file start.tsv (TSV, C-alpha atoms)
chain	number	residue	atom	x	y	z
A	1	MET	CA	36.44	60.37	-29.47
A	2	ALA	CA	37.34	62.98	-32.06
A	3	ASN	CA	39.96	60.64	-33.50
A	4	ILE	CA	37.45	57.84	-33.91
A	5	LYS	CA	35.08	60.17	-35.72
A	6	LEU	CA	37.85	61.35	-37.99
A	7	ARG	CA	38.87	57.80	-38.82
A	8	ARG	CA	35.28	56.81	-39.59
A	9	SER	CA	34.78	59.72	-41.93
A	10	ASN	CA	37.94	58.83	-43.85
A	11	LYS	CA	36.68	55.39	-44.68
A	12	LYS	CA	35.50	54.98	-48.26
A	13	ILE	CA	32.50	53.04	-49.50
A	14	SER	CA	31.61	51.93	-53.02
A	15	ILE	CA	28.30	52.94	-54.54
A	16	LYS	CA	26.77	52.55	-57.95
A	17	ILE	CA	24.61	55.08	-59.81
A	18	LEU	CA	22.31	53.87	-62.60
A	19	PHE	CA	20.99	56.13	-65.39
A	20	PHE	CA	17.98	55.59	-67.61
A	21	ALA	CA	16.29	57.10	-70.66
A	22	TYR	CA	17.42	60.70	-71.29
A	23	ALA	CA	19.44	60.84	-68.06
A	24	LYS	CA	21.55	58.08	-69.59
A	25	GLU	CA	22.02	60.17	-72.76
A	26	ILE	CA	23.17	63.19	-70.73
A	27	VAL	CA	25.76	61.19	-68.81
A	28	ASN	CA	26.51	58.97	-71.80
A	29	LYS	CA	26.83	55.98	-69.47
A	30	ASN	CA	24.55	53.26	-68.12
A	31	TYR	CA	26.12	53.47	-64.70
A	32	LEU	CA	28.90	54.98	-62.63
A	33	ASN	CA	30.85	53.36	-59.84
A	34	LEU	CA	31.92	55.85	-57.19
A	35	LYS	CA	34.01	55.67	-54.07
A	36	VAL	CA	32.68	58.12	-51.51
A	37	ASN	CA	33.20	58.97	-47.88
A	38	ASN	CA	31.26	56.69	-45.54
A	39	ILE	CA	29.18	59.59	-44.22
A	40	THR	CA	27.99	60.76	-47.64
A	41	ASN	CA	24.27	61.22	-48.21
A	42	VAL	CA	22.22	60.99	-51.42
A	43	LYS	CA	22.04	64.78	-51.77
A	44	GLU	CA	25.83	65.07	-51.75
A	45	VAL	CA	26.10	62.45	-54.48
A	46	LEU	CA	23.58	64.37	-56.60
A	47	GLU	CA	25.56	67.59	-56.05
A	48	LYS	CA	28.69	65.82	-57.26
A	49	LEU	CA	26.77	64.60	-60.33
A	50	TYR	CA	25.58	68.15	-61.08
A	51	ILE	CA	29.20	69.33	-61.14
A	52	ASP	CA	30.32	66.56	-63.50
A	53	TYR	CA	27.15	66.60	-65.64
A	54	PRO	CA	25.51	70.07	-65.36
A	55	ASP	CA	22.78	69.14	-67.88
A	56	LEU	CA	21.31	66.77	-65.27
A	57	LYS	CA	20.14	69.91	-63.45
A	58	LYS	CA	17.89	70.75	-66.39
A	59	ILE	CA	15.77	67.60	-66.15
A	60	ASN	CA	13.28	66.33	-63.64
A	61	PHE	CA	13.95	62.97	-62.09
A	62	SER	CA	13.09	60.82	-59.10
A	63	VAL	CA	15.65	58.88	-57.15
A	64	ALA	CA	15.55	55.26	-56.09
A	65	LEU	CA	17.84	53.75	-53.50
A	66	ASN	CA	18.30	50.00	-53.85
A	67	ASN	CA	15.27	49.84	-56.16
A	68	GLU	CA	12.85	51.76	-53.90
A	69	TYR	CA	11.78	55.35	-54.59
A	70	ILE	CA	13.00	57.76	-51.88
A	71	ASN	CA	11.94	61.28	-50.90
A	72	ASP	CA	14.52	61.77	-48.17
A	73	TYR	CA	17.83	62.70	-49.81
A	74	GLU	CA	19.59	63.06	-46.45
A	75	ILE	CA	19.87	59.29	-46.12
A	76	ILE	CA	23.47	58.25	-45.39
A	77	LEU	CA	24.72	55.77	-47.95
A	78	LYS	CA	26.06	52.31	-47.14
A	79	ASN	CA	28.65	50.24	-48.95
A	80	LYS	CA	27.29	48.77	-52.22
A	81	ASP	CA	24.19	50.98	-52.25
A	82	VAL	CA	22.67	51.52	-55.69
A	83	ILE	CA	21.21	54.92	-56.57
A	84	SER	CA	18.97	55.07	-59.65
A	85	ILE	CA	18.25	58.28	-61.54
A	86	ILE	CA	14.67	57.85	-62.77
A	87	PRO	CA	13.39	60.44	-65.29
A	88	PRO	CA	9.58	60.79	-65.49
A	89	VAL	CA	8.27	57.41	-66.60
A	90	SER	CA	6.13	56.84	-69.69
A	91	GLY	CA	5.26	53.16	-69.85
A	92	GLY	CA	2.03	51.70	-71.10
B	1	MET	CA	32.37	34.99	-52.76
B	2	LYS	CA	32.41	38.25	-54.68
B	3	LEU	CA	31.84	36.42	-57.94
B	4	LYS	CA	28.85	34.59	-56.42
B	5	GLU	CA	27.33	37.87	-55.32
B	6	GLU	CA	27.89	39.44	-58.74
B	7	ASN	CA	26.27	36.45	-60.41
B	8	ARG	CA	23.30	36.73	-58.07
B	9	ASN	CA	22.95	40.44	-58.88
B	10	LYS	CA	23.21	39.67	-62.58
B	11	LYS	CA	20.50	37.03	-62.16
B	12	ASN	CA	18.20	39.51	-60.39
B	13	ASN	CA	18.80	42.15	-63.06
B	14	ASN	CA	17.99	39.68	-65.82
B	15	LYS	CA	14.78	38.51	-64.18
B	16	THR	CA	11.84	39.13	-66.49
B	17	LYS	CA	8.91	37.60	-64.59
B	18	ILE	CA	7.20	37.47	-61.25
B	19	ILE	CA	4.93	34.46	-60.89
B	20	GLN	CA	2.86	34.15	-57.73
B	21	GLU	CA	-0.31	32.26	-56.91
B	22	ASN	CA	-2.62	35.11	-57.95
B	23	ILE	CA	-0.31	37.40	-59.86
B	24	TYR	CA	1.63	37.09	-63.11
B	25	ILE	CA	3.97	39.87	-64.26
B	26	GLU	CA	6.29	39.81	-67.25
B	27	ILE	CA	8.47	42.27	-69.12
B	28	THR	CA	9.29	40.89	-72.53
B	29	LYS	CA	10.86	41.79	-75.85
B	30	LYS	CA	8.59	39.31	-77.61
B	31	GLU	CA	5.21	39.91	-79.19
B	32	ILE	CA	2.41	39.78	-76.59
B	33	LYS	CA	0.13	36.91	-77.53
B	34	VAL	CA	-2.98	37.90	-75.62
B	35	ASN	CA	-4.85	34.60	-75.63
B	36	SER	CA	-1.98	32.54	-74.33
B	37	TYR	CA	-1.55	34.96	-71.42
B	38	LEU	CA	-5.28	35.16	-70.69
B	39	LYS	CA	-5.41	31.39	-70.27
B	40	ARG	CA	-3.44	31.95	-67.06
B	41	LEU	CA	-6.33	34.02	-65.74
B	42	TYR	CA	-9.28	31.79	-66.53
B	43	ASP	CA	-10.62	30.02	-63.47
B	44	SER	CA	-13.80	28.01	-62.99
B	45	LYS	CA	-14.55	30.02	-59.85
B	46	LEU	CA	-14.09	33.43	-61.52
B	47	GLY	CA	-16.69	34.65	-63.99
B	48	GLY	CA	-15.59	38.25	-64.53
B	49	ASN	CA	-12.50	38.91	-66.64
B	50	VAL	CA	-11.61	42.44	-67.73
B	51	VAL	CA	-8.75	43.30	-70.06
B	52	PHE	CA	-6.86	46.42	-71.11
B	53	ILE	CA	-4.69	46.21	-74.23
B	54	GLY	CA	-2.50	49.22	-74.99
B	55	THR	CA	-1.31	49.43	-78.60
B	56	ILE	CA	1.02	51.80	-80.46
B	57	ARG	CA	-0.59	54.69	-82.35
B	58	ASP	CA	0.77	55.80	-85.72
B	59	LYS	CA	1.03	59.51	-84.89
B	60	THR	CA	2.74	61.61	-82.23
B	61	ASP	CA	0.62	64.05	-80.21
B	62	LYS	CA	1.75	66.75	-82.69
B	63	GLY	CA	0.61	64.69	-85.66
B	64	ASP	CA	3.96	63.41	-86.97
B	65	LEU	CA	3.90	59.91	-88.43
B	66	ILE	CA	5.62	57.47	-86.09
B	67	ASP	CA	8.15	55.03	-87.55
B	68	TYR	CA	8.53	53.08	-84.34
B	69	LEU	CA	8.83	53.39	-80.57
B	70	TYR	CA	11.66	52.20	-78.39
B	71	TYR	CA	10.72	51.08	-74.86
B	72	GLU	CA	13.32	50.82	-72.13
B	73	ALA	CA	12.74	49.37	-68.64
B	74	TYR	CA	14.67	49.14	-65.42
B	75	LYS	CA	13.49	45.57	-65.11
B	76	PRO	CA	14.09	44.61	-61.45
B	77	MET	CA	12.45	47.77	-60.18
B	78	ALA	CA	9.69	47.77	-62.81
B	79	LEU	CA	8.68	44.21	-61.90
B	80	ASN	CA	8.68	45.09	-58.22
B	81	GLU	CA	6.67	48.30	-58.68
B	82	ILE	CA	4.03	46.45	-60.74
B	83	ARG	CA	3.90	43.75	-58.04
B	84	LYS	CA	3.30	46.40	-55.35
B	85	ILE	CA	0.50	48.02	-57.38
B	86	LEU	CA	-1.25	44.69	-58.02
B	87	GLU	CA	-0.82	43.44	-54.45
B	88	ASN	CA	-2.31	46.63	-53.04
B	89	TYR	CA	-5.60	45.93	-54.86
B	90	LEU	CA	-5.38	42.15	-54.43
B	91	PHE	CA	-5.05	42.46	-50.64
B	92	GLN	CA	-8.06	44.82	-50.58
B	93	GLY	CA	-10.04	42.07	-52.26
B	94	ALA	CA	-10.53	44.10	-55.45
B	95	PHE	CA	-9.70	41.10	-57.68
B	96	LYS	CA	-8.69	37.45	-57.32
B	97	LYS	CA	-6.21	37.07	-60.18
B	98	GLY	CA	-4.21	39.68	-62.06
B	99	LEU	CA	-1.67	39.81	-64.81
B	100	VAL	CA	0.46	42.52	-66.38
B	101	VAL	CA	2.67	41.97	-69.42
B	102	HIS	CA	4.70	44.91	-70.74
B	103	ARG	CA	6.69	44.74	-73.94
B	104	ILE	CA	10.02	46.56	-74.36
B	105	GLY	CA	12.41	47.10	-77.27
B	106	ILE	CA	11.26	48.26	-80.69
B	107	LEU	CA	7.50	48.43	-81.27
B	108	LYS	CA	5.64	49.52	-84.39
B	109	PRO	CA	2.14	51.00	-84.78
B	110	LYS	CA	-0.57	48.47	-83.82
B	111	ASP	CA	1.87	46.38	-81.75
B	112	ILE	CA	0.67	45.62	-78.25
B	113	ALA	CA	2.76	47.46	-75.63
B	114	ILE	CA	0.87	46.41	-72.52
B	115	LEU	CA	-1.69	43.85	-71.43
B	116	VAL	CA	-3.40	44.23	-68.06
B	117	ALA	CA	-6.08	41.74	-67.08
B	118	LEU	CA	-7.98	41.02	-63.90
B	119	ALA	CA	-10.39	38.30	-62.84
B	120	ASN	CA	-12.93	38.18	-60.04
B	121	GLU	CA	-16.11	36.26	-59.23
B	122	HIS	CA	-18.16	39.00	-60.91
B	123	ARG	CA	-17.32	42.04	-63.01
B	124	ASP	CA	-18.86	44.56	-60.51
B	125	ASN	CA	-16.13	47.13	-59.80
B	126	LEU	CA	-13.48	45.42	-61.91
B	127	PHE	CA	-13.43	47.93	-64.80
B	128	ASN	CA	-12.74	50.73	-62.34
B	129	VAL	CA	-9.97	48.79	-60.60
B	130	LEU	CA	-8.40	47.97	-63.95
B	131	ASP	CA	-8.38	51.66	-64.88
B	132	LEU	CA	-6.76	52.60	-61.55
B	133	ILE	CA	-4.08	49.94	-61.99
B	134	VAL	CA	-3.25	51.08	-65.55
B	135	LYS	CA	-2.98	54.69	-64.32
B	136	GLU	CA	-0.64	53.70	-61.49
B	137	ILE	CA	1.54	51.67	-63.84
B	138	LYS	CA	1.87	54.70	-66.12
B	139	GLU	CA	2.78	56.93	-63.16
B	140	LYS	CA	5.16	54.77	-61.14
B	141	VAL	CA	6.77	51.98	-63.12
B	142	PRO	CA	10.27	52.76	-64.46
B	143	ILE	CA	9.61	52.18	-68.14
B	144	TRP	CA	10.30	54.86	-70.76
B	145	LYS	CA	9.51	55.27	-74.42
B	146	LYS	CA	11.19	57.11	-77.23
B	147	GLU	CA	9.25	58.06	-80.38
B	148	TYR	CA	11.10	57.84	-83.71
B	149	PHE	CA	9.61	60.00	-86.47
B	150	ASN	CA	10.88	62.05	-89.47
B	151	ASN	CA	14.46	60.89	-88.87
B	152	SER	CA	14.43	62.26	-85.35
B	153	TYR	CA	13.40	61.02	-81.93
B	154	LYS	CA	11.92	62.25	-78.71
B	155	TRP	CA	11.67	60.75	-75.22
B	156	ILE	CA	8.09	61.09	-74.08
call {"tool": "encode", "arguments": {"input": "start.tsv", "output": "structure tokens"}}
result
Amino acid sequence: MANIKLRRSNKKISIKILFFAYAKEIVNKNYLNLKVNNITNVKEVLEKLYIDYPDLKKINFSVALNNEYINDYEIILKNKDVISIIPPVSGG
Amino acid sequence: MKLKEENRNKKNNNKTKIIQENIYIEITKKEIKVNSYLKRLYDSKLGGNVVFIGTIRDKTDKGDLIDYLYYEAYKPMALNEIRKILENYLFQGAFKKGLVVHRIGILKPKDIAILVALANEHRDNLFNVLDLIVKEIKEKVPIWKKEYFNNSYKWI
């Protein structure tokens, strides 16, 4: 049982992170492709982003998963999930 | 197989319109020609048509003269968020036909940034519904603008 768990957690999945407006300027990229452990949640991805791009911590943003806003950052990611970093919007 | 999927994703990301029986939504880089869009709304059964047109002002909130604004959208999500907002009121029976057109790219003072229009049998509560829809669009839809003024810029 323990072995199965270990094997599962070693499996990698591919995710994509999209950046917009001033989040895009902080990261200096439109998107990032990441390979993460298959038991990674949204919060862990954000923590990784904060390490690589500390200025992201200074801004407010919402998060969308596969184009839907989410409030629960404990959601476990699936292969090919798309996370969007959405700074406060200002359309109209 | 992978290529097909990538092409499909690309297609979804490049989508600029949602056209349904009672709803029309578009995100465009082109000038918004109000009359040609409003023709989509006119209906012999609907006598009340209310319209909001948002245009670009020539000054920032601090009073600096604006050269131009740059609008950026996350199109697939923006279209879908606008659809959800309109459908919420449509399904409550608040209007019979609705359209939202948002312009992106570079806009100058007096250019139209957004057109929101609703039609119903009568005008009754339609002004109020229009106002609520515009507010929700401004709060939820992933569209951003950057003001360019005095050789600098600011995301707002």
call {"tool": "closest_residue", "arguments": {"input": "start.tsv", "among": "A:Asn71, A:Ile83, A:Pro88, A:Lys57", "to": "A:Ser14", "atoms": "only C-alpha atoms"}}
result
A:Ile83
call {"tool": "residues_around", "arguments": {"input": "start.tsv", "residues": "B:Glu26", "least_positions_apart": "2", "cutoff": "7 Å", "atoms": "all atoms listed in the file", "output": "ChimeraX atom specification"}}
result
/B:16-18,24,28,100-102
call {"tool": "closest_residue", "arguments": {"input": "start.tsv", "among": "B:Glu121, B:Asp67, B:Asp61, B:Glu147", "to": "B:Phe95", "atoms": "all atoms listed in the file"}}
result
B:Glu121
call {"tool": "interface_residues", "arguments": {"input": "start.tsv", "of": "chain B", "to": "chain A", "cutoff": "6 Å", "atoms": "all atoms listed in the file", "output": "mmCIF file with C-alpha atoms, keeping the file's coordinate frame"}}
result
data_model
loop_
_atom_site.group_PDB
_atom_site.id
_atom_site.type_symbol
_atom_site.label_atom_id
_atom_site.label_comp_id
_atom_site.auth_asym_id
_atom_site.auth_seq_id
_atom_site.Cartn_x
_atom_site.Cartn_y
_atom_site.Cartn_z
ATOM 1 C CA MET B 77 12.450 47.770 -60.180
ATOM 2 C CA ILE B 114 0.870 46.410 -72.520
ATOM 3 C CA LYS B 138 1.870 54.700 -66.120
ATOM 4 C CA PRO B 142 10.270 52.760 -64.460
ATOM 5 C CA ILE B 143 9.610 52.180 -68.140
ATOM 6 C CA TRP B 144 10.300 54.860 -70.760
#
call {"tool": "residues_around", "arguments": {"input": "start.tsv", "residues": "A:Asp55", "least_positions_apart": "3", "cutoff": "10 Å", "atoms": "all atoms listed in the file", "output": "list in words"}}
result
Ala23, Ile26, Val27, Leu49, Tyr50, Ile51, Asp52, Lys58 and Ile59 of chain A
call {"tool": "residues_around", "arguments": {"input": "start.tsv", "residues": "A:Asp72", "least_positions_apart": "6", "cutoff": "10 Å", "atoms": "all atoms listed in the file", "output": "PyMOL selection string"}}
result
chain A and resi 41-43+63
call {"tool": "write_last_selection", "arguments": {"input": "start.tsv", "atoms": "C-alpha atoms", "output": "compact mmCIF listing (two decimals), in the coordinates of the input"}}
result
# COMPACT_ATOMS: atom_id res chain seq x y z
CA ASN A 41 24.27 61.22 -48.21
CA VAL A 42 22.22 60.99 -51.42
CA LYS A 43 22.04 64.78 -51.77
CA VAL A 63 15.65 58.88 -57.15
call {"tool": "residues_near_point", "arguments": {"input": "start.tsv", "point": "(-14.0, 47.9, -66.4)", "cutoff": "12 Å", "atoms": "all atoms listed in the file", "output": "list in words"}}
result
Gly48, Asn49, Val50, Val51, Phe52, Phe95, Val116, Ala117, Leu118, Ala119, Asn120, His122, Arg123, Asp124, Asn125, Leu126, Phe127, Asn128, Val129, Leu130, Asp131, Leu132, Ile133 and Val134 of chain B
call {"tool": "atom_distance", "arguments": {"input": "start.tsv", "atom1": "atom CA of B:Ala73", "atom2": "atom CA of B:Lys145"}}
result
8.9 Å
call {"tool": "residues_around", "arguments": {"input": "start.tsv", "residues": "B:Ala78", "least_positions_apart": "3", "cutoff": "6 Å", "atoms": "all atoms listed in the file", "output": "PyMOL selection string"}}
result
chain B and resi 74-75+81+141-142
